[in-house]
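Below is one structure, written out as structure tokens; the observations come after it.
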Amino acid sequence: MNIEASAPGKCILFGEHAVVFGQPAVAVALEQRIHVSIQPIEAEEWTLEGNKFNPRKHPHLSTLRKLLWPTKDGAPALSIEIHGNIPRASGLGSSAALSVAASAALRAARGRWVIESEQGPVWTEGYSSEIEDTDAYTGLNSGIRTTMYHKKELHLFGNDALDLDECSIIGHAVEAAAQGGRASPMDASTCAHGGVILLSEQIESDNEYLYQRQLDMDDGKRTWELHELGVPKGGEEVYLVIGNTGVHAPTADQVAKVSKAIQDEPERMKEIETIGLIARRGIEALKNGDYEAVGRAMTENHVMLRGLGVSCHELDDLVRAAAPSSLGAKLTGAGGGGCMVALTRNPDITSEAIKTAGGKALVSKFGNEGMRLETPHCEPFWSPQIHPD
Ligand code: MEV
């Protein structure tokens, strides 16, 4: 008996790094996915792909274990298998996809206690935007995001126990923990909801509003309003071609580098604001289905990211190679290595150009399904004890 969930990778069209400072940004879910499968085992220790689980090597899974699978409360050891086709540590959201898929699998594996009310089931446990504030990271440490009424009546399981808001809150908290407390909710929300996700400093009335997220950082509190953009008209005729440099650069290091640059020279905040302006222009173009203008904004965004110091010559080479056959191209994710993305109507020609320039190419259509429970009717392995009233 196993429980399996999957989540897509993501690529960022506009606004990486600037979004950490609260500027607008857009990310798109990719066709490439990660699958996490879990199974209870009769053992003291978890296993990961057949080997003893090492929490220090896998901080994301280790934080998730603390949140959703407390061994001290009797949760059984698990065997975890991970497979998929999102390259790791390459700016395509593999860690957010892993966190979101694993949080869904763990939630399905413990089910959810609710009480009945006239409005339907009311959670007695879990993480939700409706509870307290939306600072996932600080909440994670203090535990304020979990409600626990001491009365439980109904146990939901399978798909009924799952909630995309919860998966993305947990995913964001796990990312923030891995990035030294500096992370936007962009990756986790895109991997959870799929499609095209817009983050803004304000609620955008003409888009489907999801929720607000907040995070206290060392240099102040951030607030993001998240929306689902849907695939804009004409989206079925354009493709994202990802070029992987094969150079690994941890996100936390790149985020810290930008933070230090701004700390050292506060006037460089203008560059962050300019990325915000370009993103805003790109968002308008996207809403109008004007993919030529979307591509131009992407290319301008790359120039700004280069100026910020998060590109590298391998990324610049692939961006240059993709440019003639695409509408626009830029690095995507934290940079310093990892991947670039080109928006193109000619995916084969753009892929060939990237390969000739020394990169690995992946093609994805525009906007894809979010988190999915692959075993929708599964029974829980364990559930937390009922507290006495
Ligand atoms: C990483 O995929 C995107 C960054 O903007 C970091 C973040 O949003 O947390 C670089």
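As shown in the structure tokens, the chain order sets the letters A, B, ...; within each chain, residues go from 1, and ligands are also counted from 1 in the order they appear.
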
Practice task
Pick out the residues no farther than 8 Å from ligand 1, counting only C-alpha atoms and all ligand atoms, and list them as a list in words.
Solution key: Cys11, Ile12, Gly15, Glu16, His17, Ala18, Val19, Val20, Gly91, Leu92, Gly93, Glu175, Ala176, Gln179, Arg182, Ala183, Ser184, Pro185, Met186, Asp187, Thr251, Ala252, Gln254, Val255, Thr332, Gly333, Ala334 and Gly335 of chain A

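Considering only C-alpha atoms, the residue among A:Met269, A:Cys339, A:Ile354, A:Ala77 positioned nearest to Trp46 (chain A) is A:Ala77.
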
Practice task
Using DSSP on the backbone coordinates, identify all residues within region 19-154 of chain A classified as alpha helix (DSSP H); present the result as a PyMOL selection string.
Solution key: chain A and resi 59-68+94-110+136-142

Counting only C-alpha atoms, which residues of region 233-330 of chain A sit at most 8 Å from some atom of region 347-350 of chain A, and what is each one's closest atom pair with its distance in Å to one decimal, listed by chain and rising residue number, as JSON lines?
{"residue": "A:Tyr239", "atom": "CA", "partner": "A:Pro347", "partner_atom": "CA", "distance": 6.3}
{"residue": "A:Leu240", "atom": "CA", "partner": "A:Pro347", "partner_atom": "CA", "distance": 7.5}
{"residue": "A:Val241", "atom": "CA", "partner": "A:Pro347", "partner_atom": "CA", "distance": 6.3}
{"residue": "A:Ala322", "atom": "CA", "partner": "A:Thr350", "partner_atom": "CA", "distance": 5.4}
{"residue": "A:Ser325", "atom": "CA", "partner": "A:Thr350", "partner_atom": "CA", "distance": 5.7}
{"residue": "A:Ser326", "atom": "CA", "partner": "A:Thr350", "partner_atom": "CA", "distance": 6.7}

Might you pull out every residue within 12 Å of region 50-57 of chain A, with only C-alpha atoms counted and same-chain residues fewer than 2 positions away left off, and present them as a JSON list (two decimals) with C-alpha atoms, in the first residue's frame?
[["chain", "number", "residue", "atom", "x", "y", "z"],
["A", 38, "ILE", "CA", 5.44, 6.94, 0.55],
["A", 39, "GLN", "CA", 4.80, 3.67, 2.34],
["A", 41, "ILE", "CA", 7.58, 0.43, 7.13],
["A", 43, "ALA", "CA", 11.48, 0.13, 11.18],
["A", 44, "GLU", "CA", 12.86, 2.83, 13.46],
["A", 45, "GLU", "CA", 14.24, 5.05, 10.69],
["A", 46, "TRP", "CA", 12.84, 6.48, 7.44],
["A", 47, "THR", "CA", 14.37, 5.32, 4.21],
["A", 48, "LEU", "CA", 14.80, 7.37, 1.05],
["A", 59, "PRO", "CA", 16.33, 19.64, 4.75],
["A", 60, "HIS", "CA", 13.05, 20.02, 2.82],
["A", 61, "LEU", "CA", 11.79, 16.55, 3.75],
["A", 62, "SER", "CA", 13.11, 16.97, 7.25],
["A", 63, "THR", "CA", 11.09, 20.19, 7.82],
["A", 64, "LEU", "CA", 8.02, 18.48, 6.35],
["A", 65, "ARG", "CA", 8.44, 15.56, 8.74],
["A", 66, "LYS", "CA", 8.39, 17.99, 11.67],
["A", 77, "ALA", "CA", 8.55, 5.24, 9.80],
["A", 78, "LEU", "CA", 8.18, 5.73, 6.05],
["A", 79, "SER", "CA", 9.91, 4.53, 2.96],
["A", 80, "ILE", "CA", 10.05, 7.35, 0.38],
["A", 81, "GLU", "CA", 10.64, 7.04, -3.35],
["A", 82, "ILE", "CA", 11.08, 10.09, -5.57],
["A", 178, "ALA", "CA", 16.07, 26.45, 3.16]]

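By only C-alpha atoms, and with residues fewer than 2 positions from Glu374 (chain A) along its chain excluded, the set lying at most 9 Å from it is Ile3, Glu4, Ala5, Ser6, His35, Arg372 and Pro376 of chain A.
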
Output of the above residues as a PDB file, in the first residue's frame, restricted to C-alpha atoms:
ATOM      1  CA  ILE A   3       0.413   6.912  -1.374  1.00  0.00           C
ATOM      2  CA  GLU A   4       1.742   8.943  -4.261  1.00  0.00           C
ATOM      3  CA  ALA A   5       1.427  12.625  -5.173  1.00  0.00           C
ATOM      4  CA  SER A   6       3.053  14.657  -7.921  1.00  0.00           C
ATOM      5  CA  HIS A  35       6.434  12.184  -7.987  1.00  0.00           C
ATOM      6  CA  ARG A 372      -2.178  15.829  -8.089  1.00  0.00           C
ATOM      7  CA  PRO A 376      -6.925   9.431  -4.881  1.00  0.00           C
TER       8      PRO A 376
END

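Nearest-residue note for Lys287 (chain A): choosing from A:Met217, A:Leu198, A:Ile242, A:Ala105, the minimum distance belongs to A:Leu198, counting only C-alpha atoms.
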
Please give the complete set of residues from region 136-288 of chain A that DSSP, run on the backbone, assigns to strand (DSSP E or B), formatted as a PDB file with N, CA and C atoms, in the first residue's frame.
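Final output, out.pdb:
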ATOM      1  N   LEU A 154     -15.101  13.835  12.302  1.00  0.00           N
ATOM      2  CA  LEU A 154     -15.070  13.203  10.981  1.00  0.00           C
ATOM      3  C   LEU A 154     -13.637  13.131  10.501  1.00  0.00           C
ATOM      4  N   HIS A 155     -13.282  12.037   9.938  1.00  0.00           N
ATOM      5  CA  HIS A 155     -11.922  11.901   9.425  1.00  0.00           C
ATOM      6  C   HIS A 155     -11.986  11.853   7.908  1.00  0.00           C
ATOM      7  N   LEU A 156     -11.448  12.910   7.254  1.00  0.00           N
ATOM      8  CA  LEU A 156     -11.444  12.928   5.787  1.00  0.00           C
ATOM      9  C   LEU A 156     -10.187  12.244   5.287  1.00  0.00           C
ATOM     10  N   GLY A 194      -0.520  25.080 -10.218  1.00  0.00           N
ATOM     11  CA  GLY A 194      -0.307  24.895 -11.651  1.00  0.00           C
ATOM     12  C   GLY A 194      -0.714  26.142 -12.413  1.00  0.00           C
ATOM     13  N   VAL A 196      -0.777  29.502 -14.504  1.00  0.00           N
ATOM     14  CA  VAL A 196       0.082  30.693 -14.539  1.00  0.00           C
ATOM     15  C   VAL A 196      -0.249  31.496 -13.278  1.00  0.00           C
ATOM     16  N   ILE A 197       0.751  31.768 -12.457  1.00  0.00           N
ATOM     17  CA  ILE A 197       0.515  32.439 -11.173  1.00  0.00           C
ATOM     18  C   ILE A 197       1.142  33.840 -11.187  1.00  0.00           C
ATOM     19  N   LEU A 198       0.319  34.812 -10.779  1.00  0.00           N
ATOM     20  CA  LEU A 198       0.754  36.207 -10.728  1.00  0.00           C
ATOM     21  C   LEU A 198       0.850  36.652  -9.269  1.00  0.00           C
ATOM     22  N   LEU A 199       1.988  37.231  -8.930  1.00  0.00           N
ATOM     23  CA  LEU A 199       2.151  37.822  -7.592  1.00  0.00           C
ATOM     24  C   LEU A 199       2.222  39.320  -7.757  1.00  0.00           C
ATOM     25  N   SER A 200       1.531  40.025  -6.862  1.00  0.00           N
ATOM     26  CA  SER A 200       1.508  41.473  -6.982  1.00  0.00           C
ATOM     27  C   SER A 200       1.495  42.087  -5.598  1.00  0.00           C
ATOM     28  N   GLU A 208      -8.255  35.975 -11.131  1.00  0.00           N
ATOM     29  CA  GLU A 208      -8.790  35.176 -10.033  1.00  0.00           C
ATOM     30  C   GLU A 208      -7.871  35.259  -8.818  1.00  0.00           C
ATOM     31  N   TYR A 209      -8.404  35.822  -7.735  1.00  0.00           N
ATOM     32  CA  TYR A 209      -7.602  36.033  -6.534  1.00  0.00           C
ATOM     33  C   TYR A 209      -7.498  34.730  -5.747  1.00  0.00           C
ATOM     34  N   LEU A 210      -6.287  34.413  -5.299  1.00  0.00           N
ATOM     35  CA  LEU A 210      -6.105  33.201  -4.498  1.00  0.00           C
ATOM     36  C   LEU A 210      -6.058  33.527  -3.006  1.00  0.00           C
ATOM     37  N   TYR A 211      -5.019  34.258  -2.591  1.00  0.00           N
ATOM     38  CA  TYR A 211      -4.832  34.551  -1.167  1.00  0.00           C
ATOM     39  C   TYR A 211      -3.655  35.494  -0.991  1.00  0.00           C
ATOM     40  N   GLN A 212      -3.496  35.933   0.247  1.00  0.00           N
ATOM     41  CA  GLN A 212      -2.348  36.776   0.582  1.00  0.00           C
ATOM     42  C   GLN A 212      -1.314  35.926   1.326  1.00  0.00           C
ATOM     43  N   ARG A 213      -0.066  36.249   1.118  1.00  0.00           N
ATOM     44  CA  ARG A 213       1.002  35.638   1.912  1.00  0.00           C
ATOM     45  C   ARG A 213       1.861  36.759   2.490  1.00  0.00           C
ATOM     46  N   GLN A 214       2.371  36.519   3.698  1.00  0.00           N
ATOM     47  CA  GLN A 214       3.299  37.479   4.295  1.00  0.00           C
ATOM     48  C   GLN A 214       4.499  36.741   4.830  1.00  0.00           C
ATOM     49  N   LEU A 215       5.591  37.444   4.930  1.00  0.00           N
ATOM     50  CA  LEU A 215       6.778  36.847   5.546  1.00  0.00           C
ATOM     51  C   LEU A 215       7.619  37.962   6.170  1.00  0.00           C
ATOM     52  N   ASP A 216       8.011  37.736   7.411  1.00  0.00           N
ATOM     53  CA  ASP A 216       8.907  38.672   8.100  1.00  0.00           C
ATOM     54  C   ASP A 216      10.334  38.339   7.717  1.00  0.00           C
ATOM     55  N   MET A 217      11.035  39.298   7.087  1.00  0.00           N
ATOM     56  CA  MET A 217      12.432  39.037   6.727  1.00  0.00           C
ATOM     57  C   MET A 217      13.325  39.920   7.580  1.00  0.00           C
ATOM     58  N   GLY A 220      12.566  43.554   6.950  1.00  0.00           N
ATOM     59  CA  GLY A 220      11.184  44.042   6.959  1.00  0.00           C
ATOM     60  C   GLY A 220      10.187  42.991   6.504  1.00  0.00           C
ATOM     61  N   LYS A 221       8.915  43.335   6.700  1.00  0.00           N
ATOM     62  CA  LYS A 221       7.841  42.398   6.364  1.00  0.00           C
ATOM     63  C   LYS A 221       7.457  42.524   4.896  1.00  0.00           C
ATOM     64  N   ARG A 222       7.216  41.408   4.242  1.00  0.00           N
ATOM     65  CA  ARG A 222       6.750  41.431   2.851  1.00  0.00           C
ATOM     66  C   ARG A 222       5.310  40.929   2.795  1.00  0.00           C
ATOM     67  N   THR A 223       4.568  41.476   1.829  1.00  0.00           N
ATOM     68  CA  THR A 223       3.200  41.006   1.589  1.00  0.00           C
ATOM     69  C   THR A 223       3.046  40.763   0.094  1.00  0.00           C
ATOM     70  N   TRP A 224       2.496  39.630  -0.262  1.00  0.00           N
ATOM     71  CA  TRP A 224       2.226  39.329  -1.675  1.00  0.00           C
ATOM     72  C   TRP A 224       0.751  38.957  -1.820  1.00  0.00           C
ATOM     73  N   GLU A 225       0.135  39.433  -2.899  1.00  0.00           N
ATOM     74  CA  GLU A 225      -1.220  39.014  -3.246  1.00  0.00           C
ATOM     75  C   GLU A 225      -1.075  38.061  -4.437  1.00  0.00           C
ATOM     76  N   LEU A 226      -1.616  36.851  -4.301  1.00  0.00           N
ATOM     77  CA  LEU A 226      -1.441  35.854  -5.359  1.00  0.00           C
ATOM     78  C   LEU A 226      -2.718  35.634  -6.150  1.00  0.00           C
ATOM     79  N   HIS A 227      -2.542  35.431  -7.457  1.00  0.00           N
ATOM     80  CA  HIS A 227      -3.676  35.279  -8.367  1.00  0.00           C
ATOM     81  C   HIS A 227      -3.392  34.153  -9.353  1.00  0.00           C
ATOM     82  N   GLU A 228      -4.495  33.578  -9.879  1.00  0.00           N
ATOM     83  CA  GLU A 228      -4.354  32.626 -10.980  1.00  0.00           C
ATOM     84  C   GLU A 228      -4.679  33.370 -12.260  1.00  0.00           C
ATOM     85  N   TYR A 239       5.458  28.071 -26.899  1.00  0.00           N
ATOM     86  CA  TYR A 239       6.110  27.040 -26.084  1.00  0.00           C
ATOM     87  C   TYR A 239       7.197  27.678 -25.244  1.00  0.00           C
ATOM     88  N   LEU A 240       7.497  27.007 -24.144  1.00  0.00           N
ATOM     89  CA  LEU A 240       8.640  27.407 -23.332  1.00  0.00           C
ATOM     90  C   LEU A 240       9.744  26.411 -23.631  1.00  0.00           C
ATOM     91  N   VAL A 241      10.877  26.894 -24.079  1.00  0.00           N
ATOM     92  CA  VAL A 241      12.023  26.002 -24.251  1.00  0.00           C
ATOM     93  C   VAL A 241      13.032  26.370 -23.172  1.00  0.00           C
ATOM     94  N   ILE A 242      13.332  25.377 -22.340  1.00  0.00           N
ATOM     95  CA  ILE A 242      14.248  25.574 -21.219  1.00  0.00           C
ATOM     96  C   ILE A 242      15.635  25.134 -21.660  1.00  0.00           C
ATOM     97  N   GLY A 243      16.620  25.960 -21.398  1.00  0.00           N
ATOM     98  CA  GLY A 243      18.013  25.589 -21.697  1.00  0.00           C
ATOM     99  C   GLY A 243      18.751  25.420 -20.385  1.00  0.00           C
ATOM    100  N   ASN A 244      19.253  24.218 -20.132  1.00  0.00           N
ATOM    101  CA  ASN A 244      19.940  23.947 -18.859  1.00  0.00           C
ATOM    102  C   ASN A 244      21.450  24.056 -19.062  1.00  0.00           C
TER     103      ASN A 244
END

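Neighbouring residues of region 289-304 of chain A at 8 Å or closer, counting only C-alpha atoms and skipping chain neighbours under 3 positions away, are Leu13, Phe14, Gly15, Pro232, Lys233, Gly234, Gly235, Glu271, Thr274, Ile275, Ile278, Ala279, Arg281, Gly282, Ile283, Ala285, Leu286, Gly307, Leu308, Ser326, Leu327, Gly328, Ala329, Lys330, Leu331 and Leu343 of chain A.
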
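Using only C-alpha atoms, the nearest neighbour of Ala323 (chain A) within the list A:Trp123, A:Leu30, A:Gly337, A:Ala353 is A:Ala353.
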
Write out as a PDB file with C-alpha atoms, in the first residue's frame the residues lying within 10 Å of Gly336 (chain A), counting only C-alpha atoms and excluding same-chain residues fewer than 6 positions away.
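What follows is the written file selection-v8.pdb:
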ATOM      1  CA  SER A  90      18.476  24.177 -11.742  1.00  0.00           C
ATOM      2  CA  GLY A  91      15.979  26.950 -11.094  1.00  0.00           C
ATOM      3  CA  THR A 245      23.560  25.104 -18.425  1.00  0.00           C
ATOM      4  CA  VAL A 247      25.964  24.594 -13.733  1.00  0.00           C
ATOM      5  CA  HIS A 248      24.602  24.150 -10.176  1.00  0.00           C
ATOM      6  CA  ALA A 249      24.098  27.296  -8.103  1.00  0.00           C
ATOM      7  CA  PRO A 250      22.095  27.051  -4.863  1.00  0.00           C
ATOM      8  CA  THR A 251      19.137  29.453  -4.720  1.00  0.00           C
ATOM      9  CA  ASP A 253      23.412  31.781  -2.250  1.00  0.00           C
ATOM     10  CA  GLN A 254      21.979  33.849  -5.105  1.00  0.00           C
ATOM     11  CA  ARG A 306      22.647  40.444 -15.571  1.00  0.00           C
ATOM     12  CA  GLY A 309      25.019  39.948 -11.029  1.00  0.00           C
ATOM     13  CA  VAL A 310      22.935  36.760 -11.072  1.00  0.00           C
ATOM     14  CA  SER A 311      23.654  35.663 -14.647  1.00  0.00           C
ATOM     15  CA  CYS A 312      26.813  33.881 -15.826  1.00  0.00           C
ATOM     16  CA  HIS A 313      28.447  33.441 -19.212  1.00  0.00           C
ATOM     17  CA  GLU A 314      26.865  29.980 -19.702  1.00  0.00           C
ATOM     18  CA  LEU A 315      23.386  31.484 -19.221  1.00  0.00           C
TER      19      LEU A 315
END
